[in-house]
$ cat run32.pdb   # PDB, C-alpha atoms and all ligand atoms
ATOM      1  CA  MET A 241      44.398  30.282 -29.634
ATOM      2  CA  PHE A 242      43.218  33.917 -29.832
ATOM      3  CA  ASP A 243      44.204  36.170 -26.972
ATOM      4  CA  LYS A 244      41.516  38.838 -26.583
ATOM      5  CA  LEU A 245      38.148  39.034 -28.318
ATOM      6  CA  LYS A 246      38.331  42.147 -30.499
ATOM      7  CA  ASP A 247      35.343  44.487 -30.616
ATOM      8  CA  HIS A 248      34.316  43.559 -34.148
ATOM      9  CA  GLU A 249      34.627  39.851 -33.291
ATOM     10  CA  PHE A 250      32.548  40.379 -30.170
ATOM     11  CA  LYS A 251      29.870  42.011 -32.332
ATOM     12  CA  ILE A 252      29.842  39.117 -34.828
ATOM     13  CA  PHE A 253      29.384  36.424 -32.159
ATOM     14  CA  ARG A 254      27.040  38.534 -30.051
ATOM     15  CA  ASP A 255      24.746  39.009 -33.067
ATOM     16  CA  ILE A 256      24.784  35.324 -33.976
ATOM     17  CA  ILE A 257      23.866  34.346 -30.407
ATOM     18  CA  TYR A 258      21.159  36.998 -30.182
ATOM     19  CA  ASN A 259      19.571  36.037 -33.487
ATOM     20  CA  GLU A 260      19.519  32.410 -32.474
ATOM     21  CA  SER A 261      18.389  32.643 -28.836
ATOM     22  CA  TRP A 262      17.630  36.267 -27.882
ATOM     23  CA  ILE A 263      20.346  35.986 -25.235
ATOM     24  CA  ASN A 264      21.811  39.464 -25.240
ATOM     25  CA  PHE A 265      25.512  40.011 -24.516
ATOM     26  CA  THR A 266      26.220  43.580 -23.475
ATOM     27  CA  PRO A 267      29.806  44.909 -23.642
ATOM     28  CA  THR A 268      30.092  44.321 -19.865
ATOM     29  CA  ASN A 269      29.559  40.625 -20.494
ATOM     30  CA  LYS A 270      32.216  40.442 -23.196
ATOM     31  CA  PRO A 271      34.711  38.560 -20.940
ATOM     32  CA  ILE A 272      32.141  35.797 -20.373
ATOM     33  CA  LEU A 273      31.646  35.336 -24.103
ATOM     34  CA  GLU A 274      35.409  35.326 -24.572
ATOM     35  CA  ILE A 275      35.822  32.513 -22.018
ATOM     36  CA  ARG A 276      33.016  30.448 -23.557
ATOM     37  CA  LEU A 277      34.438  30.827 -27.058
ATOM     38  CA  LYS A 278      37.898  29.787 -25.866
ATOM     39  CA  GLU A 279      36.378  26.686 -24.261
ATOM     40  CA  ARG A 280      34.598  25.727 -27.496
ATOM     41  CA  LEU A 281      37.729  26.256 -29.616
ATOM     42  CA  LYS A 282      39.841  24.230 -27.204
ATOM     43  CA  LYS A 283      37.331  21.401 -27.171
ATOM     44  CA  LEU A 284      37.280  21.273 -30.972
ATOM     45  CA  ASN A 285      41.023  21.779 -31.328
ATOM     46  CA  ILE A 286      40.523  24.903 -33.389
ATOM     47  CA  GLU A 287      43.174  27.609 -33.260
ATOM     48  CA  LYS A 288      41.574  30.469 -35.103
ATOM     49  CA  LEU A 289      38.379  32.308 -34.342
ATOM     50  CA  GLU A 290      37.675  32.824 -38.084
ATOM     51  CA  ILE A 291      37.600  29.054 -38.553
ATOM     52  CA  TYR A 292      35.200  28.662 -35.665
ATOM     53  CA  HIS A 293      33.050  31.441 -37.096
ATOM     54  CA  LYS A 294      32.836  29.620 -40.455
ATOM     55  CA  LEU A 295      32.028  26.405 -38.623
ATOM     56  CA  ILE A 296      29.012  27.757 -36.748
ATOM     57  CA  LEU A 297      27.671  29.344 -39.917
ATOM     58  CA  ASN A 298      27.558  25.893 -41.507
ATOM     59  CA  ASP A 299      27.066  23.537 -38.608
ATOM     60  CA  LYS A 300      23.756  23.947 -36.770
ATOM     61  CA  ASP A 301      24.762  21.457 -34.076
ATOM     62  CA  GLU A 302      27.881  23.401 -33.139
ATOM     63  CA  LEU A 303      25.842  26.587 -33.104
ATOM     64  CA  LYS A 304      23.520  24.899 -30.598
ATOM     65  CA  ASN A 305      26.553  23.863 -28.538
ATOM     66  CA  LEU A 306      27.771  27.451 -28.470
ATOM     67  CA  ILE A 307      24.327  28.707 -27.382
ATOM     68  CA  ASP A 308      24.200  25.979 -24.731
ATOM     69  CA  SER A 309      27.604  27.067 -23.417
ATOM     70  CA  VAL A 310      26.506  30.693 -22.914
ATOM     71  CA  THR A 311      23.313  29.911 -20.996
ATOM     72  CA  THR A 312      23.113  30.645 -17.277
ATOM     73  CA  ASN A 313      21.466  27.689 -15.581
ATOM     74  CA  LEU A 314      21.315  28.666 -11.919
ATOM     75  CA  THR A 315      18.161  27.279 -10.302
ATOM     76  CA  ASN A 316      16.840  25.672  -7.137
ATOM     77  CA  PHE A 317      13.926  23.675  -5.791
ATOM     78  CA  PHE A 318      11.116  25.934  -4.542
ATOM     79  CA  ARG A 319      13.008  29.030  -5.669
ATOM     80  CA  TYR A 320      11.024  32.072  -4.427
ATOM     81  CA  LYS A 321       8.911  30.147  -1.891
ATOM     82  CA  VAL A 322       6.117  32.734  -2.087
ATOM     83  CA  HIS A 323       5.413  31.708  -5.691
ATOM     84  CA  PHE A 324       4.709  28.167  -4.594
ATOM     85  CA  GLU A 325       2.567  29.334  -1.657
ATOM     86  CA  THR A 326       0.522  31.469  -4.056
ATOM     87  CA  LEU A 327       0.302  28.581  -6.487
ATOM     88  CA  GLU A 328      -1.070  26.302  -3.784
ATOM     89  CA  ASN A 329      -3.303  28.739  -1.916
ATOM     90  CA  HIS A 330      -4.672  30.981  -4.681
ATOM     91  CA  VAL A 331      -3.982  29.810  -8.221
ATOM     92  CA  LEU A 332      -4.846  26.130  -7.944
ATOM     93  CA  PRO A 333      -8.073  26.689  -5.910
ATOM     94  CA  ASP A 334      -9.210  29.156  -8.604
ATOM     95  CA  LEU A 335      -8.376  26.765 -11.447
ATOM     96  CA  LYS A 336     -10.061  23.919  -9.597
ATOM     97  CA  GLU A 337     -13.280  25.876  -9.701
ATOM     98  CA  LYS A 338     -12.905  27.157 -13.255
ATOM     99  CA  LYS A 339     -11.825  23.856 -14.785
ATOM    100  CA  ASN A 340     -14.079  21.571 -12.802
ATOM    101  CA  LYS A 341     -15.761  20.285 -15.972
ATOM    102  CA  THR A 342     -12.668  19.267 -17.913
ATOM    103  CA  LYS A 343     -10.518  18.454 -14.862
ATOM    104  CA  PHE A 344      -7.427  19.184 -16.938
ATOM    105  CA  ILE A 345      -4.553  21.518 -16.054
ATOM    106  CA  ARG A 346      -1.698  22.357 -18.418
ATOM    107  CA  ILE A 347       1.430  24.128 -17.135
ATOM    108  CA  TRP A 348       4.635  25.288 -18.839
ATOM    109  CA  SER A 349       7.995  25.745 -17.152
ATOM    110  CA  ALA A 350       9.787  27.702 -19.886
ATOM    111  CA  GLY A 351      13.551  27.821 -19.380
ATOM    112  CA  CYS A 352      13.387  24.962 -16.883
ATOM    113  CA  SER A 353      17.146  24.485 -16.556
ATOM    114  CA  THR A 354      18.010  21.274 -14.644
ATOM    115  CA  GLY A 355      14.383  20.580 -13.737
ATOM    116  CA  GLU A 356      14.037  21.787 -10.146
ATOM    117  CA  GLU A 357      11.348  24.339 -11.048
ATOM    118  CA  ALA A 358       9.204  21.830 -12.965
ATOM    119  CA  TYR A 359       9.532  19.190 -10.247
ATOM    120  CA  SER A 360       8.619  21.743  -7.545
ATOM    121  CA  ILE A 361       5.494  22.715  -9.506
ATOM    122  CA  ALA A 362       4.613  19.063 -10.082
ATOM    123  CA  MET A 363       4.845  18.242  -6.355
ATOM    124  CA  VAL A 364       2.517  21.084  -5.384
ATOM    125  CA  VAL A 365       0.006  20.350  -8.143
ATOM    126  CA  LYS A 366       0.023  16.585  -7.608
ATOM    127  CA  ASP A 367      -0.589  17.102  -3.912
ATOM    128  CA  PHE A 368      -3.437  19.512  -4.542
ATOM    129  CA  PHE A 369      -5.607  17.615  -7.027
ATOM    130  CA  ASP A 370      -7.161  14.205  -6.591
ATOM    131  CA  SER A 371      -6.494  11.473  -9.137
ATOM    132  CA  SER A 372      -9.529  12.379 -11.272
ATOM    133  CA  TRP A 373      -7.605  15.416 -12.562
ATOM    134  CA  LYS A 374      -5.227  15.213 -15.508
ATOM    135  CA  ILE A 375      -2.056  17.253 -15.056
ATOM    136  CA  GLU A 376       0.293  18.013 -17.912
ATOM    137  CA  ILE A 377       3.540  19.932 -17.421
ATOM    138  CA  LEU A 378       5.775  20.954 -20.297
ATOM    139  CA  ALA A 379       9.309  21.813 -19.173
ATOM    140  CA  SER A 380      11.567  23.181 -21.871
ATOM    141  CA  ASP A 381      15.001  24.660 -22.343
ATOM    142  CA  ILE A 382      17.439  25.616 -25.085
ATOM    143  CA  SER A 383      20.299  23.746 -23.393
ATOM    144  CA  PHE A 384      20.665  20.019 -24.081
ATOM    145  CA  ASN A 385      22.993  19.619 -21.106
ATOM    146  CA  VAL A 386      20.475  20.813 -18.538
ATOM    147  CA  LEU A 387      17.700  18.725 -20.093
ATOM    148  CA  ILE A 388      19.744  15.540 -19.675
ATOM    149  CA  LYS A 389      20.154  16.323 -15.967
ATOM    150  CA  ALA A 390      16.483  17.294 -15.648
ATOM    151  CA  LYS A 391      15.253  14.058 -17.214
ATOM    152  CA  GLU A 392      17.502  12.014 -14.950
ATOM    153  CA  GLY A 393      15.851  13.577 -11.907
ATOM    154  CA  PHE A 394      18.701  12.894  -9.474
ATOM    155  CA  TYR A 395      19.845  15.633  -7.082
ATOM    156  CA  SER A 396      22.478  15.809  -4.349
ATOM    157  CA  LYS A 397      21.322  16.094  -0.748
ATOM    158  CA  GLU A 398      22.310  19.790  -0.593
ATOM    159  CA  LYS A 399      20.238  20.520  -3.694
ATOM    160  CA  THR A 400      17.105  19.068  -2.096
ATOM    161  CA  GLU A 401      17.331  21.102   1.126
ATOM    162  CA  GLU A 402      14.650  23.583   0.044
ATOM    163  CA  ILE A 403      12.059  20.890  -0.677
ATOM    164  CA  PRO A 404       9.419  20.922   2.099
ATOM    165  CA  LYS A 405       9.704  17.750   4.189
ATOM    166  CA  LYS A 406       6.207  16.521   3.298
ATOM    167  CA  TYR A 407       7.051  16.553  -0.426
ATOM    168  CA  LEU A 408      10.543  15.134   0.041
ATOM    169  CA  GLU A 409       9.160  12.141   1.916
ATOM    170  CA  LYS A 410       6.301  11.591  -0.493
ATOM    171  CA  TYR A 411       7.867  12.272  -3.874
ATOM    172  CA  MET A 412      11.619  11.593  -3.632
ATOM    173  CA  ILE A 413      13.620   8.418  -2.957
ATOM    174  CA  GLN A 414      16.924   8.698  -1.112
ATOM    175  CA  ILE A 415      19.825   6.843  -2.726
ATOM    176  CA  SER A 416      23.148   7.164  -0.863
ATOM    177  CA  ASN A 417      24.242  10.798  -1.319
ATOM    178  CA  GLY A 418      21.160  12.154  -3.038
ATOM    179  CA  TYR A 419      17.538  11.821  -4.037
ATOM    180  CA  TYR A 420      15.690  10.581  -7.122
ATOM    181  CA  VAL A 421      12.356  12.080  -8.133
ATOM    182  CA  LYS A 422       9.694   9.388  -8.006
ATOM    183  CA  ASP A 423       7.938   8.253 -11.196
ATOM    184  CA  SER A 424       4.591   9.548  -9.898
ATOM    185  CA  ILE A 425       6.031  13.070 -10.329
ATOM    186  CA  LYS A 426       8.208  12.407 -13.374
ATOM    187  CA  GLU A 427       5.273  11.092 -15.377
ATOM    188  CA  LEU A 428       3.499  14.467 -15.144
ATOM    189  CA  ILE A 429       6.346  16.254 -16.928
ATOM    190  CA  GLN A 430       7.487  16.249 -20.511
ATOM    191  CA  PHE A 431      11.026  17.672 -20.834
ATOM    192  CA  ASP A 432      11.647  19.105 -24.301
ATOM    193  CA  TYR A 433      14.287  21.013 -26.197
ATOM    194  CA  HIS A 434      12.580  24.268 -27.160
ATOM    195  CA  ASN A 435      13.684  27.759 -28.034
ATOM    196  CA  ILE A 436      11.410  30.406 -26.534
ATOM    197  CA  MET A 437      11.714  32.363 -29.793
ATOM    198  CA  ASN A 438       9.407  29.774 -31.351
ATOM    199  CA  GLU A 439       5.831  28.819 -30.595
ATOM    200  CA  PRO A 440       5.582  25.732 -28.403
ATOM    201  CA  THR A 441       4.016  22.562 -29.809
ATOM    202  CA  LYS A 442       1.323  22.792 -27.142
ATOM    203  CA  LYS A 443      -1.016  25.671 -26.387
ATOM    204  CA  GLU A 444      -3.744  26.628 -23.911
ATOM    205  CA  PHE A 445      -1.590  26.732 -20.823
ATOM    206  CA  ASP A 446      -3.335  27.528 -17.544
ATOM    207  CA  ILE A 447      -0.093  28.528 -15.857
ATOM    208  CA  ILE A 448       3.273  29.580 -17.248
ATOM    209  CA  PHE A 449       6.444  29.896 -15.201
ATOM    210  CA  CYS A 450       9.182  31.731 -17.064
ATOM    211  CA  ARG A 451      11.474  32.910 -14.303
ATOM    212  CA  ASN A 452      14.978  34.282 -14.662
ATOM    213  CA  VAL A 453      15.032  33.748 -18.410
ATOM    214  CA  ILE A 454      13.968  37.029 -20.020
ATOM    215  CA  ILE A 455      16.363  38.861 -17.718
ATOM    216  CA  TYR A 456      19.062  37.904 -20.265
ATOM    217  CA  PHE A 457      17.052  39.345 -23.205
ATOM    218  CA  ASP A 458      16.807  42.934 -24.439
ATOM    219  CA  ALA A 459      13.548  44.916 -24.299
ATOM    220  CA  GLN A 460      12.400  43.974 -27.796
ATOM    221  CA  ALA A 461      12.946  40.264 -27.250
ATOM    222  CA  GLN A 462      11.232  40.446 -23.845
ATOM    223  CA  GLN A 463       8.201  42.034 -25.477
ATOM    224  CA  GLU A 464       8.015  39.277 -28.098
ATOM    225  CA  VAL A 465       8.323  36.489 -25.521
ATOM    226  CA  VAL A 466       5.655  38.004 -23.307
ATOM    227  CA  ASP A 467       3.292  38.334 -26.307
ATOM    228  CA  LEU A 468       3.983  34.729 -27.229
ATOM    229  CA  PHE A 469       3.167  33.596 -23.689
ATOM    230  CA  TYR A 470      -0.020  35.664 -23.671
ATOM    231  CA  ASN A 471      -1.166  34.028 -26.893
ATOM    232  CA  THR A 472      -0.406  30.487 -25.765
ATOM    233  CA  MET A 473      -2.403  30.838 -22.527
ATOM    234  CA  ASN A 474      -5.954  30.141 -21.588
ATOM    235  CA  LYS A 475      -8.071  33.237 -21.069
ATOM    236  CA  PHE A 476      -7.686  33.138 -17.281
ATOM    237  CA  GLY A 477      -4.038  32.007 -17.280
ATOM    238  CA  TYR A 478      -1.480  32.822 -14.600
ATOM    239  CA  PHE A 479       2.030  33.985 -15.455
ATOM    240  CA  PHE A 480       4.985  33.835 -13.035
ATOM    241  CA  ILE A 481       8.243  35.690 -13.728
ATOM    242  CA  GLY A 482      11.402  36.071 -11.635
ATOM    243  CA  HIS A 483      11.719  38.479  -8.724
ATOM    244  CA  SER A 484      14.084  40.758 -10.593
ATOM    245  CA  GLU A 485      11.974  40.744 -13.743
ATOM    246  CA  SER A 486       8.998  42.924 -14.560
ATOM    247  CA  LEU A 487       6.618  43.695 -17.404
ATOM    248  CA  PHE A 488       6.700  47.354 -16.367
ATOM    249  CA  GLY A 489       6.874  49.640 -19.405
ATOM    250  CA  MET A 490       5.850  46.869 -21.744
ATOM    251  CA  LYS A 491       2.846  46.961 -24.024
ATOM    252  CA  THR A 492       0.934  43.999 -22.657
ATOM    253  CA  LYS A 493      -2.580  42.978 -21.737
ATOM    254  CA  PHE A 494      -1.335  40.958 -18.776
ATOM    255  CA  ILE A 495      -2.673  42.347 -15.506
ATOM    256  CA  PHE A 496      -0.297  42.739 -12.587
ATOM    257  CA  LYS A 497      -1.683  41.239  -9.403
ATOM    258  CA  LYS A 498      -0.464  40.745  -5.855
ATOM    259  CA  LEU A 499      -1.826  37.357  -4.918
ATOM    260  CA  GLY A 500      -0.920  36.216  -1.420
ATOM    261  CA  ASN A 501       2.661  37.399  -1.002
ATOM    262  CA  ALA A 502       3.585  36.991  -4.646
ATOM    263  CA  CYS A 503       3.456  39.452  -7.516
ATOM    264  CA  ILE A 504       2.235  37.694 -10.624
ATOM    265  CA  TYR A 505       0.446  38.403 -13.913
ATOM    266  CA  ILE A 506      -2.964  37.291 -15.112
ATOM    267  CA  LYS A 507      -4.348  37.199 -18.622
ATOM    268  CA  ASN A 508      -7.129  39.740 -18.642
ATOM    269  CA  GLU A 509      -9.612  38.002 -20.899
ATOM    270  CA  GLY A 510     -12.393  36.146 -19.162
ATOM    271  CA  LEU A 511     -11.915  37.695 -15.733
ATOM    272  CA  THR A 512     -15.232  37.562 -14.028
TER     273      THR A 512
HETATM  274  C1  LIG B   1      18.726  31.002 -14.834
HETATM  275  S1  LIG B   1      17.918  29.633 -15.565
HETATM  276  C2  LIG B   1      16.327  29.748 -14.790
HETATM  277  C3  LIG B   1      15.802  28.401 -14.356
HETATM  278  C4  LIG B   1      14.455  28.460 -13.650
HETATM  279  N1  LIG B   1      13.438  29.010 -14.497
HETATM  280  C5  LIG B   1      14.552  29.254 -12.367
HETATM  281  O1  LIG B   1      14.095  30.389 -12.294
HETATM  282  O2  LIG B   1      15.119  28.736 -11.396
HETATM  283  C6  LIG B   1      17.580  30.242 -17.219
HETATM  284  C7  LIG B   1      17.328  29.128 -18.233
HETATM  285  O3  LIG B   1      16.769  29.707 -19.416
HETATM  286  C8  LIG B   1      17.268  29.004 -20.539
HETATM  287  N2  LIG B   1      17.125  29.825 -21.751
HETATM  288  C9  LIG B   1      17.799  30.958 -22.085
HETATM  289  N3  LIG B   1      17.419  31.395 -23.296
HETATM  290  C10 LIG B   1      16.474  30.519 -23.749
HETATM  291  C11 LIG B   1      15.693  30.435 -24.940
HETATM  292  N4  LIG B   1      15.824  31.328 -25.951
HETATM  293  N5  LIG B   1      14.810  29.405 -25.054
HETATM  294  C12 LIG B   1      14.674  28.512 -24.051
HETATM  295  N6  LIG B   1      15.392  28.529 -22.904
HETATM  296  C13 LIG B   1      16.272  29.530 -22.753
HETATM  297  C14 LIG B   1      18.710  28.710 -20.154
HETATM  298  O4  LIG B   1      19.256  27.641 -20.881
HETATM  299  C15 LIG B   1      18.608  28.429 -18.658
HETATM  300  O5  LIG B   1      18.555  27.060 -18.371
END
$ encode --input "run32.pdb" --output "structure tokens" --more "lines below"
Ligand SMILES: C[S@@+](CC[C@H](N)C(=O)[O-])C[C@H]1O[C@@H](n2cnc3c(N)ncnc32)[C@H](O)[C@@H]1O
Amino acid sequence: MFDKLKDHEFKIFRDIIYNESWINFTPTNKPILEIRLKERLKKLNIEKLEIYHKLILNDKDELKNLIDSVTTNLTNFFRYKVHFETLENHVLPDLKEKKNKTKFIRIWSAGCSTGEEAYSIAMVVKDFFDSSWKIEILASDISFNVLIKAKEGFYSKEKTEEIPKKYLEKYMIQISNGYYVKDSIKELIQFDYHNIMNEPTKKEFDIIFCRNVIIYFDAQAQQEVVDLFYNTMNKFGYFFIGHSESLFGMKTKFIFKKLGNACIYIKNEGLT
């Protein structure tokens, strides 16, 4: 097994990962990449880094495994509570008025990790609209491992602590040491493998959540993702990003807005 990742080796793997996912390893993060590479080599019983390099150039599946291994998947139910308050008290009432004819809402949780974000959105939306409304939520990620967990919809008791009691009682079933998400919520969500670098199969989203994802990208990649989101949204769409992320300094038509206690972005076309 290799000892330390040399600078030129770091550059080779960093570039491959960036070109494939836009995840940007800076020199400070070199030790993390080194650990992940060692884990992959150990798992595959490969001694030399050059052999692993050749492998990922020829084997798309192993390249996906490497990308999966370098993703950061930290998430939580109702992460940034204010976003969900703003969703319930400002965004959904507005969409209810604007989309009263079609009664159809389409939402995207991009970089959904293990599903908590998508399920939190689904609980709020399901609770808000009556059954005459059609709700469609796309939840996507570049990591197969998190998608398996997300689709299963089972979470330990500790993981569910942030779910408001009214939703927990209504939309989750307790099984011994944890909770399952009920089918009435699961059926609103389609979990899909998707790389944010590419256009999604669906368009015309009314709301996009992409929180704590572009924080791992460089400025150029962030710009491209934000443009892609803008173009896949309805003309009055709402865009939620993470608390430590911002579109400041970017060339974008998204309008920054403080709505309730949350800072979000709105597509500027069609504002009346
Ligand atoms: C830190 S988690 C954020 C989860 C959730 N959005 C939240 O804020 O709690 C970031 C997720 O983005 C995913 N991700 C990173 N790069 C991606 C890409 N190019 N395409 C799709 N998903 C990506 C990772 O796999 C990871 O699950």
$ closest_atom_pairs --input "run32.pdb" --of "stretch 386-422 of chain A" --to "stretch 344-356 of chain A" --cutoff "8 Å" --atoms "all atoms listed in the file" --output "CSV"
residue,atom,partner,partner_atom,distance
A:Val386,CA,A:Thr354,CA,4.6
A:Leu387,CA,A:Thr354,CA,6.0
A:Ile388,CA,A:Thr354,CA,7.8
A:Lys389,CA,A:Thr354,CA,5.6
A:Ala390,CA,A:Gly355,CA,4.3
A:Lys391,CA,A:Gly355,CA,7.4
A:Gly393,CA,A:Gly355,CA,7.4
$ resolve_selection --input "run32.pdb" --expression "the PyMOL selection byres (((chain A and resi 399) around 12) and not hetatm)" --output "number ranges by chain"
A: 314-319, 354-356, 393-398, 400-403, 408, 417-420
$ write_last_selection --input "run32.pdb" --atoms "C-alpha atoms" --output "short mmCIF file (atom, residue, chain, number, x, y, z; two decimals), in the coordinates of the input"
data_model
loop_
_atom_site.label_atom_id
_atom_site.label_comp_id
_atom_site.auth_asym_id
_atom_site.auth_seq_id
_atom_site.Cartn_x
_atom_site.Cartn_y
_atom_site.Cartn_z
CA LEU A 314 21.32 28.67 -11.92
CA THR A 315 18.16 27.28 -10.30
CA ASN A 316 16.84 25.67 -7.14
CA PHE A 317 13.93 23.68 -5.79
CA PHE A 318 11.12 25.93 -4.54
CA ARG A 319 13.01 29.03 -5.67
CA THR A 354 18.01 21.27 -14.64
CA GLY A 355 14.38 20.58 -13.74
CA GLU A 356 14.04 21.79 -10.15
CA GLY A 393 15.85 13.58 -11.91
CA PHE A 394 18.70 12.89 -9.47
CA TYR A 395 19.84 15.63 -7.08
CA SER A 396 22.48 15.81 -4.35
CA LYS A 397 21.32 16.09 -0.75
CA GLU A 398 22.31 19.79 -0.59
CA THR A 400 17.10 19.07 -2.10
CA GLU A 401 17.33 21.10 1.13
CA GLU A 402 14.65 23.58 0.04
CA ILE A 403 12.06 20.89 -0.68
CA LEU A 408 10.54 15.13 0.04
CA ASN A 417 24.24 10.80 -1.32
CA GLY A 418 21.16 12.15 -3.04
CA TYR A 419 17.54 11.82 -4.04
CA TYR A 420 15.69 10.58 -7.12
#
$ closest_residue --input "run32.pdb" --among "A:Val310, A:Ile361, A:Ile291, A:Lys304" --to "A:Leu332" --atoms "only C-alpha atoms"
A:Ile361
$ residues_near_ligand --input "run32.pdb" --ligand "ligand LIG 1 (chain B)" --cutoff "6 Å" --atoms "all atoms listed in the file" --output "PyMOL selection string"
chain A and resi 261-263+311-316+351-353+357+381-383+434-437+450-453
$ closest_residue --input "run32.pdb" --among "A:Phe496, A:Ile256, A:Leu281, A:Asp247" --to "A:Phe480" --atoms "only C-alpha atoms"
A:Phe496
$ atom_distance --input "run32.pdb" --atom1 "atom CA of A:Gly482" --atom2 "atom CA of A:Pro404"
20.5 Å
$ resolve_selection --input "run32.pdb" --expression "the PyMOL selection byres (((chain A and resi 335) around 10) and not hetatm)" --output "PDB file with C-alpha atoms, in the frame of the given file"
ATOM      1  CA  HIS A 330      -4.672  30.981  -4.681  1.00  0.00           C
ATOM      2  CA  VAL A 331      -3.982  29.810  -8.221  1.00  0.00           C
ATOM      3  CA  LEU A 332      -4.846  26.130  -7.944  1.00  0.00           C
ATOM      4  CA  PRO A 333      -8.073  26.689  -5.910  1.00  0.00           C
ATOM      5  CA  ASP A 334      -9.210  29.156  -8.604  1.00  0.00           C
ATOM      6  CA  LYS A 336     -10.061  23.919  -9.597  1.00  0.00           C
ATOM      7  CA  GLU A 337     -13.280  25.876  -9.701  1.00  0.00           C
ATOM      8  CA  LYS A 338     -12.905  27.157 -13.255  1.00  0.00           C
ATOM      9  CA  LYS A 339     -11.825  23.856 -14.785  1.00  0.00           C
ATOM     10  CA  ASN A 340     -14.079  21.571 -12.802  1.00  0.00           C
ATOM     11  CA  LYS A 343     -10.518  18.454 -14.862  1.00  0.00           C
ATOM     12  CA  PHE A 344      -7.427  19.184 -16.938  1.00  0.00           C
ATOM     13  CA  ILE A 345      -4.553  21.518 -16.054  1.00  0.00           C
ATOM     14  CA  ASP A 446      -3.335  27.528 -17.544  1.00  0.00           C
ATOM     15  CA  ILE A 447      -0.093  28.528 -15.857  1.00  0.00           C
ATOM     16  CA  PHE A 476      -7.686  33.138 -17.281  1.00  0.00           C
ATOM     17  CA  GLY A 477      -4.038  32.007 -17.280  1.00  0.00           C
ATOM     18  CA  TYR A 478      -1.480  32.822 -14.600  1.00  0.00           C
TER      19      TYR A 478
END
$ atom_distance --input "run32.pdb" --atom1 "atom CA of A:Glu249" --atom2 "atom CA of A:Leu306"
15.0 Å
$ resolve_selection --input "run32.pdb" --expression "the PyMOL selection byres (((chain A and resi 462) around 12) and not hetatm)" --output "number ranges by chain"
A: 261-264, 436-437, 450, 452-461, 463-469, 481, 485-492
$ atom_distance --input "run32.pdb" --atom1 "atom CA of A:Ala358" --atom2 "atom CA of A:Ile425"
9.7 Å
$ closest_residue --input "run32.pdb" --among "A:Thr266, A:Trp373, A:Phe242, A:Leu327" --to "A:Glu287" --atoms "only C-alpha atoms"
A:Phe242
$ residues_around --input "run32.pdb" --residues "A:Lys251" --least-positions-apart "5" --cutoff "12 Å" --atoms "all atoms listed in the file" --output "ChimeraX atom specification"
/A:245-246,256-259,264-267,269-270,273-274
$ closest_residue --input "run32.pdb" --among "A:Ser484, A:Asn298, A:Ser309, A:Thr326" --to "A:Lys497" --atoms "all atoms listed in the file"
A:Thr326
$ closest_residue --input "run32.pdb" --among "A:Asn471, A:Gln430, A:Asn329, A:Thr441" --to "A:Glu376" --atoms "all atoms listed in the file"
A:Gln430
$ closest_residue --input "run32.pdb" --among "A:Lys422, A:Lys442, A:Lys410, A:His248" --to "A:Ser380" --atoms "only C-alpha atoms"
A:Lys442
